[in-house]
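Quick look at protein_14.pdb (PDB, C-alpha atoms):
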```
MODEL        1
ATOM      1  CA  MET A  65     -10.595 -14.832  20.614
ATOM      2  CA  THR A  66     -10.844 -14.119  24.305
ATOM      3  CA  ARG A  67      -8.238 -13.279  26.926
ATOM      4  CA  ILE A  68      -7.430 -15.344  29.983
ATOM      5  CA  GLY A  69      -7.485 -13.222  33.114
ATOM      6  CA  ARG A  70      -4.923 -10.459  33.316
ATOM      7  CA  SER A  71      -2.564 -12.249  30.940
ATOM      8  CA  ASP A  72      -1.767 -11.820  27.275
ATOM      9  CA  LEU A  73      -3.021 -15.301  26.417
ATOM     10  CA  ASP A  74      -5.514 -14.719  23.621
ATOM     11  CA  VAL A  75      -7.366 -17.988  23.197
ATOM     12  CA  PHE A  76     -10.136 -19.452  21.102
ATOM     13  CA  PRO A  77     -13.206 -19.460  23.371
ATOM     14  CA  LEU A  78     -13.229 -23.273  23.531
ATOM     15  CA  CYS A  79     -10.301 -25.340  24.789
ATOM     16  CA  LEU A  80      -9.542 -28.789  23.372
ATOM     17  CA  GLY A  81      -9.025 -31.277  26.180
ATOM     18  CA  ALA A  82      -6.278 -33.794  25.410
ATOM     19  CA  ASN A  83      -6.964 -36.193  28.280
ATOM     20  CA  VAL A  84      -8.123 -38.827  25.772
ATOM     21  CA  PHE A  85      -4.927 -38.767  23.682
ATOM     22  CA  GLY A  86      -3.103 -42.064  24.074
ATOM     23  CA  TRP A  87      -6.237 -43.560  25.607
ATOM     24  CA  THR A  88      -9.524 -43.527  23.667
ATOM     25  CA  ALA A  89      -7.842 -41.653  20.814
ATOM     26  CA  ASP A  90      -4.654 -43.245  19.508
ATOM     27  CA  ARG A  91      -1.803 -41.247  18.003
ATOM     28  CA  ASP A  92      -3.222 -41.104  14.482
ATOM     29  CA  GLU A  93      -6.723 -40.130  15.599
ATOM     30  CA  SER A  94      -5.245 -37.568  17.993
ATOM     31  CA  PHE A  95      -3.381 -36.007  15.062
ATOM     32  CA  ARG A  96      -6.618 -35.851  13.046
ATOM     33  CA  ILE A  97      -8.420 -34.234  15.986
ATOM     34  CA  LEU A  98      -5.661 -31.658  16.440
ATOM     35  CA  ASP A  99      -5.556 -30.937  12.714
ATOM     36  CA  ALA A 100      -9.327 -30.377  12.600
ATOM     37  CA  PHE A 101      -9.352 -28.210  15.720
ATOM     38  CA  HIS A 102      -6.493 -25.988  14.599
ATOM     39  CA  GLY A 103      -7.776 -25.915  11.031
ATOM     40  CA  GLY A 104     -11.107 -24.631  12.340
ATOM     41  CA  GLY A 105      -9.512 -21.765  14.238
ATOM     42  CA  GLY A 106      -8.859 -23.446  17.600
ATOM     43  CA  ASN A 107      -5.584 -22.561  19.295
ATOM     44  CA  PHE A 108      -5.970 -23.593  22.961
ATOM     45  CA  ILE A 109      -5.053 -27.157  24.021
ATOM     46  CA  ASP A 110      -5.197 -28.495  27.575
ATOM     47  CA  THR A 111      -3.294 -31.521  28.856
ATOM     48  CA  ALA A 112      -1.476 -32.730  31.991
ATOM     49  CA  ASP A 113       1.709 -34.640  32.667
ATOM     50  CA  SER A 114      -0.323 -37.499  34.160
ATOM     51  CA  TYR A 115      -2.446 -38.146  31.031
ATOM     52  CA  SER A 116      -2.897 -41.055  30.499
ATOM     53  CA  ALA A 117      -0.967 -42.999  33.118
ATOM     54  CA  TRP A 118      -4.087 -44.986  34.099
ATOM     55  CA  VAL A 119      -4.094 -46.889  30.791
ATOM     56  CA  PRO A 120      -2.303 -50.268  30.913
ATOM     57  CA  GLY A 121       1.023 -49.912  29.121
ATOM     58  CA  ASN A 122       1.157 -46.121  29.459
ATOM     59  CA  THR A 123       3.629 -44.346  31.703
ATOM     60  CA  GLY A 124       2.184 -40.842  32.018
ATOM     61  CA  GLY A 125       3.071 -37.963  29.753
ATOM     62  CA  ASP A 126       1.512 -39.892  26.859
ATOM     63  CA  SER A 127      -0.780 -37.038  25.845
ATOM     64  CA  GLU A 128       2.089 -34.536  26.050
ATOM     65  CA  ARG A 129       4.246 -36.751  23.818
ATOM     66  CA  ILE A 130       1.520 -36.961  21.167
ATOM     67  CA  ILE A 131       1.007 -33.201  21.243
ATOM     68  CA  GLY A 132       4.759 -32.697  21.019
ATOM     69  CA  GLU A 133       4.983 -34.949  17.978
ATOM     70  CA  TRP A 134       2.097 -33.060  16.373
ATOM     71  CA  LEU A 135       3.713 -29.699  17.073
ATOM     72  CA  ALA A 136       6.981 -30.903  15.541
ATOM     73  CA  ALA A 137       5.256 -32.353  12.473
ATOM     74  CA  ARG A 138       2.831 -29.497  11.782
ATOM     75  CA  ARG A 139       4.594 -26.447  13.251
ATOM     76  CA  PRO A 140       1.217 -24.708  13.770
ATOM     77  CA  ALA A 141       1.060 -20.973  14.388
ATOM     78  CA  ASN A 142      -0.289 -19.338  17.552
ATOM     79  CA  VAL A 143      -1.022 -22.519  19.492
ATOM     80  CA  ILE A 144      -1.289 -22.162  23.290
ATOM     81  CA  ILE A 145      -0.506 -25.235  25.375
ATOM     82  CA  ALA A 146      -1.637 -25.662  28.978
ATOM     83  CA  THR A 147      -0.364 -28.535  31.082
ATOM     84  CA  LYS A 148      -0.348 -29.499  34.753
ATOM     85  CA  VAL A 149       1.847 -30.908  37.510
ATOM     86  CA  SER A 150       1.329 -33.056  40.627
ATOM     87  CA  GLN A 151      -0.153 -36.350  39.402
ATOM     88  CA  HIS A 152       2.484 -37.940  37.136
ATOM     89  CA  PRO A 153       3.622 -41.281  38.648
ATOM     90  CA  ASP A 154       7.222 -40.043  38.713
ATOM     91  CA  PHE A 155       6.469 -36.462  39.789
ATOM     92  CA  ARG A 156       3.783 -36.564  42.450
ATOM     93  CA  GLY A 157       3.021 -33.555  44.599
ATOM     94  CA  LEU A 158       4.079 -29.916  44.605
ATOM     95  CA  ALA A 159       7.403 -29.831  46.422
ATOM     96  CA  PRO A 160       9.620 -27.214  44.722
ATOM     97  CA  LYS A 161      12.205 -29.694  43.356
ATOM     98  CA  ASN A 162       9.420 -31.875  42.002
ATOM     99  CA  VAL A 163       7.656 -28.934  40.329
ATOM    100  CA  ARG A 164      10.889 -27.965  38.577
ATOM    101  CA  ALA A 165      11.699 -31.517  37.479
ATOM    102  CA  ALA A 166       8.153 -32.123  36.237
ATOM    103  CA  ALA A 167       8.144 -28.882  34.240
ATOM    104  CA  GLU A 168      11.438 -29.793  32.593
ATOM    105  CA  ALA A 169      10.066 -33.245  31.715
ATOM    106  CA  SER A 170       6.899 -31.709  30.237
ATOM    107  CA  LEU A 171       8.965 -29.266  28.153
ATOM    108  CA  LYS A 172      10.957 -32.168  26.740
ATOM    109  CA  ARG A 173       7.862 -34.217  25.872
ATOM    110  CA  LEU A 174       6.130 -31.227  24.292
ATOM    111  CA  GLY A 175       9.267 -30.134  22.452
ATOM    112  CA  VAL A 176       8.785 -26.473  23.378
ATOM    113  CA  ASP A 177      10.965 -23.917  25.134
ATOM    114  CA  THR A 178       8.190 -22.470  27.309
ATOM    115  CA  ILE A 179       4.912 -23.807  28.691
ATOM    116  CA  ASP A 180       2.241 -21.188  28.016
ATOM    117  CA  LEU A 181       0.017 -22.007  31.000
ATOM    118  CA  TYR A 182       1.183 -24.219  33.866
ATOM    119  CA  TYR A 183      -1.339 -25.468  36.431
ATOM    120  CA  ALA A 184      -0.924 -26.896  39.873
ATOM    121  CA  HIS A 185      -3.210 -29.848  39.077
ATOM    122  CA  TYR A 186      -4.372 -30.601  42.630
ATOM    123  CA  ASP A 187      -3.590 -28.911  45.919
ATOM    124  CA  ASP A 188      -0.826 -30.562  47.938
ATOM    125  CA  GLU A 189      -1.285 -29.650  51.586
ATOM    126  CA  THR A 190       1.786 -31.664  52.594
ATOM    127  CA  VAL A 191       3.939 -28.865  51.153
ATOM    128  CA  PRO A 192       3.821 -25.313  52.553
ATOM    129  CA  LEU A 193       1.853 -23.325  49.995
ATOM    130  CA  GLU A 194       4.377 -20.499  50.115
ATOM    131  CA  GLU A 195       7.034 -22.909  48.815
ATOM    132  CA  THR A 196       4.882 -24.114  45.946
ATOM    133  CA  VAL A 197       4.005 -20.548  44.968
ATOM    134  CA  ALA A 198       7.685 -19.605  44.982
ATOM    135  CA  ALA A 199       8.541 -22.632  42.825
ATOM    136  CA  PHE A 200       5.965 -21.644  40.231
ATOM    137  CA  GLY A 201       7.205 -18.060  40.305
ATOM    138  CA  ASP A 202      10.771 -19.229  39.716
ATOM    139  CA  LEU A 203       9.646 -21.149  36.633
ATOM    140  CA  VAL A 204       8.267 -17.915  35.185
ATOM    141  CA  THR A 205      11.385 -15.930  36.129
ATOM    142  CA  ASP A 206      13.592 -18.561  34.491
ATOM    143  CA  GLY A 207      11.507 -18.657  31.312
ATOM    144  CA  LEU A 208      10.277 -22.240  31.581
ATOM    145  CA  VAL A 209       6.676 -21.120  32.073
ATOM    146  CA  ARG A 210       4.841 -18.115  30.680
ATOM    147  CA  HIS A 211       1.874 -17.982  33.089
ATOM    148  CA  THR A 212       0.783 -19.930  36.180
ATOM    149  CA  ALA A 213      -2.634 -21.267  37.167
ATOM    150  CA  VAL A 214      -4.416 -23.544  39.638
ATOM    151  CA  SER A 215      -6.807 -26.461  39.195
ATOM    152  CA  ASN A 216      -9.112 -28.047  41.772
ATOM    153  CA  TYR A 217      -8.179 -25.511  44.463
ATOM    154  CA  SER A 218     -10.641 -24.177  47.021
ATOM    155  CA  ALA A 219     -11.451 -20.475  47.093
ATOM    156  CA  ASP A 220      -9.558 -20.036  50.363
ATOM    157  CA  ARG A 221      -6.434 -21.684  48.982
ATOM    158  CA  ILE A 222      -6.615 -19.577  45.827
ATOM    159  CA  ARG A 223      -6.718 -16.450  47.992
ATOM    160  CA  GLU A 224      -3.718 -17.723  49.957
ATOM    161  CA  TRP A 225      -1.818 -18.420  46.732
ATOM    162  CA  VAL A 226      -2.484 -14.908  45.422
ATOM    163  CA  GLY A 227      -1.487 -13.455  48.792
ATOM    164  CA  TYR A 228       1.864 -15.238  48.859
ATOM    165  CA  ALA A 229       2.605 -14.372  45.223
ATOM    166  CA  SER A 230       1.696 -10.709  45.753
ATOM    167  CA  ALA A 231       3.815 -10.404  48.886
ATOM    168  CA  ALA A 232       6.834 -11.908  47.129
ATOM    169  CA  GLY A 233       6.358  -9.925  43.922
ATOM    170  CA  SER A 234       6.081 -13.285  42.182
ATOM    171  CA  ALA A 235       4.021 -14.342  39.184
ATOM    172  CA  LEU A 236       0.296 -14.196  39.935
ATOM    173  CA  PRO A 237      -1.963 -16.965  38.643
ATOM    174  CA  VAL A 238      -4.088 -16.004  35.642
ATOM    175  CA  ALA A 239      -6.550 -18.910  35.508
ATOM    176  CA  VAL A 240      -8.408 -21.454  37.594
ATOM    177  CA  GLN A 241      -9.736 -24.778  36.356
ATOM    178  CA  PRO A 242     -12.796 -26.096  38.232
ATOM    179  CA  HIS A 243     -15.329 -28.846  37.536
ATOM    180  CA  TYR A 244     -18.234 -26.790  36.162
ATOM    181  CA  ASN A 245     -21.190 -27.444  33.879
ATOM    182  CA  LEU A 246     -24.982 -27.230  33.749
ATOM    183  CA  VAL A 247     -25.447 -30.216  36.075
ATOM    184  CA  HIS A 248     -22.615 -29.264  38.446
ATOM    185  CA  ARG A 249     -22.720 -25.555  39.096
ATOM    186  CA  ASN A 250     -23.841 -24.460  42.570
ATOM    187  CA  ALA A 251     -20.607 -24.856  44.523
ATOM    188  CA  VAL A 252     -18.521 -23.294  41.762
ATOM    189  CA  GLU A 253     -20.796 -20.282  41.421
ATOM    190  CA  GLU A 254     -20.934 -19.768  45.175
ATOM    191  CA  THR A 255     -17.195 -20.024  45.858
ATOM    192  CA  ILE A 256     -14.894 -20.151  42.821
ATOM    193  CA  VAL A 257     -16.562 -17.631  40.486
ATOM    194  CA  PRO A 258     -16.408 -14.814  43.098
ATOM    195  CA  VAL A 259     -12.693 -15.399  43.750
ATOM    196  CA  ALA A 260     -12.000 -15.587  40.018
ATOM    197  CA  GLU A 261     -13.724 -12.240  39.520
ATOM    198  CA  GLU A 262     -11.953 -10.760  42.557
ATOM    199  CA  PHE A 263      -8.493 -11.591  41.214
ATOM    200  CA  ASP A 264      -9.212 -11.422  37.471
ATOM    201  CA  LEU A 265      -8.667 -15.132  36.925
ATOM    202  CA  GLY A 266      -9.946 -16.708  33.748
ATOM    203  CA  LEU A 267     -12.242 -19.661  34.441
ATOM    204  CA  VAL A 268     -11.347 -22.686  32.281
ATOM    205  CA  PRO A 269     -13.884 -25.348  33.330
ATOM    206  CA  TYR A 270     -13.293 -29.075  32.849
ATOM    207  CA  TYR A 271     -15.994 -31.759  32.552
ATOM    208  CA  ALA A 272     -17.822 -29.117  30.548
ATOM    209  CA  LEU A 273     -20.061 -31.829  29.063
ATOM    210  CA  ALA A 274     -20.422 -33.842  32.298
ATOM    211  CA  SER A 275     -18.621 -36.937  30.997
ATOM    212  CA  GLY A 276     -20.691 -36.779  27.827
ATOM    213  CA  PHE A 277     -24.095 -36.549  29.508
ATOM    214  CA  LEU A 278     -24.609 -33.027  28.136
ATOM    215  CA  SER A 279     -24.063 -34.318  24.623
ATOM    216  CA  GLY A 280     -27.488 -35.971  24.873
ATOM    217  CA  LYS A 281     -25.988 -39.393  24.255
ATOM    218  CA  TYR A 282     -27.033 -40.821  27.606
ATOM    219  CA  ARG A 283     -30.747 -40.538  28.311
ATOM    220  CA  SER A 284     -30.989 -43.253  30.944
ATOM    221  CA  ALA A 285     -29.439 -44.088  34.290
ATOM    222  CA  ASP A 286     -29.497 -47.763  33.290
ATOM    223  CA  VAL A 287     -25.905 -48.130  32.121
ATOM    224  CA  PRO A 288     -24.957 -51.798  31.791
ATOM    225  CA  ASP A 289     -22.328 -52.937  34.280
ATOM    226  CA  ALA A 290     -20.519 -54.984  31.655
ATOM    227  CA  PRO A 291     -16.802 -55.249  30.869
ATOM    228  CA  GLY A 292     -17.282 -53.314  27.627
ATOM    229  CA  THR A 293     -19.072 -50.366  29.215
ATOM    230  CA  SER A 294     -16.924 -47.256  28.924
ATOM    231  CA  PRO A 295     -15.895 -45.268  32.014
ATOM    232  CA  ARG A 296     -17.433 -42.253  30.257
ATOM    233  CA  ALA A 297     -20.852 -43.922  30.099
ATOM    234  CA  LYS A 298     -20.668 -44.909  33.753
ATOM    235  CA  GLY A 299     -19.683 -41.377  34.700
ATOM    236  CA  ALA A 300     -22.554 -39.889  32.716
ATOM    237  CA  ALA A 301     -25.198 -42.211  34.159
ATOM    238  CA  LYS A 302     -25.359 -40.457  37.523
ATOM    239  CA  TYR A 303     -26.638 -37.279  35.839
ATOM    240  CA  ALA A 304     -29.648 -38.998  34.264
ATOM    241  CA  THR A 305     -32.018 -37.711  36.969
ATOM    242  CA  PRO A 306     -35.351 -36.019  36.207
ATOM    243  CA  GLN A 307     -33.616 -32.652  36.458
ATOM    244  CA  GLY A 308     -30.673 -33.768  34.335
ATOM    245  CA  LEU A 309     -32.964 -35.070  31.615
ATOM    246  CA  ALA A 310     -34.967 -31.820  31.724
ATOM    247  CA  ILE A 311     -31.722 -29.920  31.120
ATOM    248  CA  VAL A 312     -30.894 -32.090  28.105
ATOM    249  CA  ASP A 313     -34.421 -31.564  26.723
ATOM    250  CA  ALA A 314     -34.043 -27.793  27.079
ATOM    251  CA  LEU A 315     -30.632 -27.891  25.387
ATOM    252  CA  GLU A 316     -32.102 -29.889  22.523
ATOM    253  CA  SER A 317     -34.970 -27.452  22.049
ATOM    254  CA  ILE A 318     -32.757 -24.359  22.205
ATOM    255  CA  GLY A 319     -30.077 -25.928  20.034
ATOM    256  CA  SER A 320     -32.543 -26.877  17.314
ATOM    257  CA  ALA A 321     -33.486 -23.207  16.925
ATOM    258  CA  HIS A 322     -29.831 -22.499  16.046
ATOM    259  CA  GLY A 323     -29.172 -25.658  14.065
ATOM    260  CA  ALA A 324     -26.771 -26.614  16.843
ATOM    261  CA  SER A 325     -26.209 -29.881  18.676
ATOM    262  CA  ILE A 326     -26.986 -30.453  22.343
ATOM    263  CA  ALA A 327     -23.245 -30.483  23.133
ATOM    264  CA  THR A 328     -22.616 -27.229  21.274
ATOM    265  CA  THR A 329     -25.471 -25.555  23.134
ATOM    266  CA  ALA A 330     -24.269 -26.777  26.541
ATOM    267  CA  LEU A 331     -20.802 -25.398  25.842
ATOM    268  CA  ALA A 332     -22.251 -22.100  24.613
ATOM    269  CA  TRP A 333     -24.142 -21.745  27.917
ATOM    270  CA  LEU A 334     -20.918 -22.275  29.835
ATOM    271  CA  ARG A 335     -19.065 -19.757  27.678
ATOM    272  CA  ALA A 336     -21.695 -17.159  28.567
ATOM    273  CA  GLN A 337     -21.138 -17.498  32.319
ATOM    274  CA  PRO A 338     -19.302 -14.816  34.325
ATOM    275  CA  ALA A 339     -15.505 -15.147  34.365
ATOM    276  CA  VAL A 340     -15.468 -18.114  31.964
ATOM    277  CA  SER A 341     -12.749 -17.782  29.343
ATOM    278  CA  ALA A 342     -12.884 -21.131  27.563
ATOM    279  CA  PRO A 343     -14.602 -24.379  28.575
ATOM    280  CA  ILE A 344     -12.573 -27.556  28.074
ATOM    281  CA  ALA A 345     -14.132 -30.306  25.989
ATOM    282  CA  SER A 346     -12.531 -33.447  24.623
ATOM    283  CA  ALA A 347     -13.021 -35.258  21.348
ATOM    284  CA  SER A 348     -12.092 -38.912  20.963
ATOM    285  CA  ARG A 349     -13.042 -38.873  17.264
ATOM    286  CA  VAL A 350     -12.409 -36.265  14.598
ATOM    287  CA  ASP A 351     -16.111 -36.087  13.708
ATOM    288  CA  GLN A 352     -16.809 -34.619  17.180
ATOM    289  CA  VAL A 353     -14.589 -31.585  16.630
ATOM    290  CA  ALA A 354     -17.115 -29.588  14.580
ATOM    291  CA  ASP A 355     -19.514 -29.397  17.539
ATOM    292  CA  LEU A 356     -16.720 -28.101  19.770
ATOM    293  CA  LEU A 357     -15.669 -25.427  17.300
ATOM    294  CA  ALA A 358     -19.288 -24.353  16.802
ATOM    295  CA  ALA A 359     -19.555 -23.667  20.526
ATOM    296  CA  GLY A 360     -16.878 -21.017  20.159
ATOM    297  CA  THR A 361     -19.182 -18.821  18.089
ATOM    298  CA  LEU A 362     -22.733 -19.730  19.158
ATOM    299  CA  GLU A 363     -24.317 -16.870  21.098
ATOM    300  CA  LEU A 364     -27.451 -17.708  23.069
ATOM    301  CA  SER A 365     -30.129 -15.097  23.686
ATOM    302  CA  ALA A 366     -30.929 -13.755  27.133
ATOM    303  CA  ALA A 367     -34.193 -15.713  27.110
ATOM    304  CA  GLU A 368     -32.406 -18.931  26.200
ATOM    305  CA  LEU A 369     -29.836 -18.466  28.936
ATOM    306  CA  GLU A 370     -32.631 -17.720  31.398
ATOM    307  CA  GLU A 371     -34.428 -20.944  30.431
ATOM    308  CA  LEU A 372     -31.276 -23.021  30.933
ATOM    309  CA  ASP A 373     -30.720 -21.323  34.289
ATOM    310  CA  ARG A 374     -34.289 -22.140  35.255
ATOM    311  CA  VAL A 375     -34.112 -25.845  34.508
ATOM    312  CA  SER A 376     -30.618 -26.307  35.927
ATOM    313  CA  THR A 377     -31.364 -24.646  39.262
ATOM    314  CA  TRP A 378     -34.783 -26.246  39.719
ATOM    315  CA  SER A 379     -34.986 -28.735  42.589
ATOM    316  CA  PRO A 380     -37.662 -31.438  42.605
ATOM    317  CA  ALA A 381     -40.039 -31.518  45.559
TER     318      ALA A 381
ENDMDL
END
```
Could you express the structure from this file as C-alpha cells?
Amino acid sequence: MTRIGRSDLDVFPLCLGANVFGWTADRDESFRILDAFHGGGGNFIDTADSYSAWVPGNTGGDSERIIGEWLAARRPANVIIATKVSQHPDFRGLAPKNVRAAAEASLKRLGVDTIDLYYAHYDDETVPLEETVAAFGDLVTDGLVRHTAVSNYSADRIREWVGYASAAGSALPVAVQPHYNLVHRNAVEETIVPVAEEFDLGLVPYYALASGFLSGKYRSADVPDAPGTSPRAKGAAKYATPQGLAIVDALESIGSAHGASIATTALAWLRAQPAVSAPIASASRVDQVADLLAAGTLELSAAELEELDRVSTWSPA
C-alpha cells in the first residue's frame, strides 16, 4: 500500500478507473471486474458523477450506481472510493450549492455515508475559487467528504486553492489528478509535479495507458474511420508516431524480462515517478484486471527506468 499525500488514505498502488462502467462494461461485467480487482488486493476505485452520461440512454451517475450496488452486495473491506463533481448534466460547475447537491447525490448513488476522496473534476472560473474551496471544506467539516482533491487544474490554480484553504483553516487538498503517461509527460513534469511535491499532494494520473496505446494493442496510426471503430482506438491512433512506437517497443522488451505485459510495464514506470501515488487504469473486461494488479508490485530497475526515460523524451530531427 501507499499513502496519498498528507492524508491517511492508504491505497493499493494502482487505482481502478470506473469510467467504463455502464458503457463498455455492463453491470455484470463491472461486478466481475470489481470482484477480481478487490480479490487481488486492490482497494482504490476512481469514478465521477458524470460517468457515463455520454452514452445514449444513460443519465450520468451510472458508474456510481453500479459501484454502489456492488458495495451493497459484496460489503468489501477497506475499499476507498474517489469521485468527482462539476460535469454531471444536472450538477454542472462548482458553485457552492451545486457542489453540496452533487455530493449528496453521489453519496446516495454510492450508498455510503462519506466519500473518501472528492475531486473538483474541472476548474470552473465562473465561480470565485475562494467560494469553491469553502464549499469543499464545508463538506469535510460536515462529514460528507473525508478528503478533497483537484483534477485538471493548472499549477497556479492549485496554489491558489491551497492558499485559500490555508488562510481559512479549511481542508487542504491531498491529491491532484492530471493526464500523465509515457507519451504525455513534459507539461505535467514541468508544472504539476513540482506543485504536487511542494504541497505534498499525491499524484493520481489518468489516461495512464494513453487510451490503450501503451497496452501495445495499437501499432498503427491507420485506424479505420468506420462506425464500429471504438473511441478508444481513435484516441490511441494519434500516439502511433515513430517515437510512440519506439516507446512501445522498449516497454515490450523490458516487460519480457519480467514476464510482464506492455501495459503492466507502462503502469510500473508511472508508479516509479516522483509524487505518483497510484496511476488510474480501466478494465472493460475481467481478463484485463490481472495486468493492472501486476503493475502494483512490478519494480523496474534504474537502468530500465532510464531507458524508458530516454525513448520517451527523445525528439526526432
Distance of CA of Arg210 (chain A) from CA of Thr178 (chain A), expressed in Å to one decimal place: 6.4 Å
Can you translate the PyMOL selection byres ((chain A and resi 246) around 9) into the concrete residues it hits in this file, as a list in words?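 On the file shown, the PyMOL selection byres ((chain A and resi 246) around 9) covers Tyr244, Asn245, Val247, His248, Arg249, Ala272, Leu273, Ala274, Leu278, Gly308, Ile311, Ala330, Trp333, Leu334, Leu372, Asp373, Ser376 and Thr377 of chain A.
Proximity ranking of A:Gly227, A:Pro160, A:Gly201, A:Gly276 relative to Leu331 (chain A) places A:Gly276 first, based on only C-alpha atoms.
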Can you give me, as a PDB file with C-alpha atoms, in the coordinates of the input, the residues this file yields under the PyMOL selection byres ((chain A and resi 267) around 10)?
```pdb
ATOM      1  CA  ILE A  68      -7.430 -15.344  29.983  1.00  0.00           C
ATOM      2  CA  GLY A  69      -7.485 -13.222  33.114  1.00  0.00           C
ATOM      3  CA  SER A 215      -6.807 -26.461  39.195  1.00  0.00           C
ATOM      4  CA  VAL A 238      -4.088 -16.004  35.642  1.00  0.00           C
ATOM      5  CA  ALA A 239      -6.550 -18.910  35.508  1.00  0.00           C
ATOM      6  CA  VAL A 240      -8.408 -21.454  37.594  1.00  0.00           C
ATOM      7  CA  GLN A 241      -9.736 -24.778  36.356  1.00  0.00           C
ATOM      8  CA  PRO A 242     -12.796 -26.096  38.232  1.00  0.00           C
ATOM      9  CA  TYR A 244     -18.234 -26.790  36.162  1.00  0.00           C
ATOM     10  CA  ILE A 256     -14.894 -20.151  42.821  1.00  0.00           C
ATOM     11  CA  VAL A 257     -16.562 -17.631  40.486  1.00  0.00           C
ATOM     12  CA  ALA A 260     -12.000 -15.587  40.018  1.00  0.00           C
ATOM     13  CA  GLU A 261     -13.724 -12.240  39.520  1.00  0.00           C
ATOM     14  CA  ASP A 264      -9.212 -11.422  37.471  1.00  0.00           C
ATOM     15  CA  LEU A 265      -8.667 -15.132  36.925  1.00  0.00           C
ATOM     16  CA  GLY A 266      -9.946 -16.708  33.748  1.00  0.00           C
ATOM     17  CA  VAL A 268     -11.347 -22.686  32.281  1.00  0.00           C
ATOM     18  CA  PRO A 269     -13.884 -25.348  33.330  1.00  0.00           C
ATOM     19  CA  TYR A 270     -13.293 -29.075  32.849  1.00  0.00           C
ATOM     20  CA  ARG A 335     -19.065 -19.757  27.678  1.00  0.00           C
ATOM     21  CA  GLN A 337     -21.138 -17.498  32.319  1.00  0.00           C
ATOM     22  CA  PRO A 338     -19.302 -14.816  34.325  1.00  0.00           C
ATOM     23  CA  ALA A 339     -15.505 -15.147  34.365  1.00  0.00           C
ATOM     24  CA  VAL A 340     -15.468 -18.114  31.964  1.00  0.00           C
ATOM     25  CA  SER A 341     -12.749 -17.782  29.343  1.00  0.00           C
ATOM     26  CA  ALA A 342     -12.884 -21.131  27.563  1.00  0.00           C
ATOM     27  CA  PRO A 343     -14.602 -24.379  28.575  1.00  0.00           C
TER      28      PRO A 343
END
```
For region 234-236 of chain A: contacts at 7 Å, only C-alpha atoms, fewer than 4 positions along chain excluded, given as a list in words: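 The filter keeps Gly201, Val204, Thr212, Val226, Ala229 and Ser230 of chain A.
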If the PyMOL selection byres ((chain A and resi 133) around 12) were run on this exact file, what residues would it hold? Put them as a ChimeraX atom specification. /A:91-92,94-95,98,126-132,134-140,172-176
For Ser114 (chain A), which residue among A:Ala141, A:Ala358, A:Pro153, A:Phe76 is the nearest when counting all atoms listed in the file?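 Checking each candidate against Ser114 (chain A), we get A:Pro153 as the closest.
Nearest to Glu262 (chain A) of all the residues A:Thr88, A:Ala165, A:Ser71, A:Ile222 is A:Ile222, counting all atoms listed in the file.
Taking all atoms listed in the file, the non-local environment of Thr255 (chain A) within 8 Å (same-chain residues fewer than 3 positions away omitted) comprises Ser218, Ala219, Ala251, Val252, Pro258 and Val259 of chain A.
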Grab the residues selected above and save them as a PDB file, in the coordinates of the input with C-alpha atoms.
```pdb
ATOM      1  CA  SER A 218     -10.641 -24.177  47.021  1.00  0.00           C
ATOM      2  CA  ALA A 219     -11.451 -20.475  47.093  1.00  0.00           C
ATOM      3  CA  ALA A 251     -20.607 -24.856  44.523  1.00  0.00           C
ATOM      4  CA  VAL A 252     -18.521 -23.294  41.762  1.00  0.00           C
ATOM      5  CA  PRO A 258     -16.408 -14.814  43.098  1.00  0.00           C
ATOM      6  CA  VAL A 259     -12.693 -15.399  43.750  1.00  0.00           C
TER       7      VAL A 259
END
```
To one decimal in Å, tell me the separation between CA of Val209 (chain A) and CA of Ser116 (chain A).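 CA of Ser116 (chain A) lies 22.2 Å from CA of Val209 (chain A).
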Name the closest residue to Trp225 (chain A) among the candidates A:Asp351, A:Glu254, A:Asp72, A:Asp187; distances are taken between atoms, counting all atoms listed in the file. A:Asp187
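Atom pair CA of Ser170 (chain A) / CA of Leu357 (chain A) has a distance of 26.8 Å (rounded to one decimal).
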Could you tell me which of A:Val143, A:Ala199, A:Val84, A:Leu193 comes closest to Val119 (chain A) if we count all atoms listed in the file?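 Closest candidate: A:Val84.
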Using all atoms listed in the file, pick whichever of A:Thr190, A:Thr196, A:Thr305, A:Ser320 has the shortest atom-to-atom distance to Asn162 (chain A).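 That would be A:Thr196, the residue with the smallest distance to Asn162 (chain A).
Environment of (-5.9, -28.1, 48.2): residues at most 8 Å away, judged by all atoms listed in the file, are Tyr186, Asp187, Asp188, Glu189, Asn216, Tyr217, Ser218 and Arg221 of chain A.
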With C-alpha atoms kept, could you save the residues just selected as a short mmCIF file (atom, residue, chain, number, x, y, z; two decimals), keeping the file's coordinate frame?
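result-v3.cif written:
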```cif
data_model
loop_
_atom_site.label_atom_id
_atom_site.label_comp_id
_atom_site.auth_asym_id
_atom_site.auth_seq_id
_atom_site.Cartn_x
_atom_site.Cartn_y
_atom_site.Cartn_z
CA TYR A 186 -4.37 -30.60 42.63
CA ASP A 187 -3.59 -28.91 45.92
CA ASP A 188 -0.83 -30.56 47.94
CA GLU A 189 -1.28 -29.65 51.59
CA ASN A 216 -9.11 -28.05 41.77
CA TYR A 217 -8.18 -25.51 44.46
CA SER A 218 -10.64 -24.18 47.02
CA ARG A 221 -6.43 -21.68 48.98
#
```
How big is the axis-aligned box, and where does its centre sit, when it encloses all atoms of region 299-310 of chain A listed in the file and has 4 Å added on every side, reported in Å to one decimal as JSON?
```
{"center_x": -27.5, "center_y": -37.0, "center_z": 34.6, "size_x": 23.7, "size_y": 18.4, "size_z": 13.9}
```
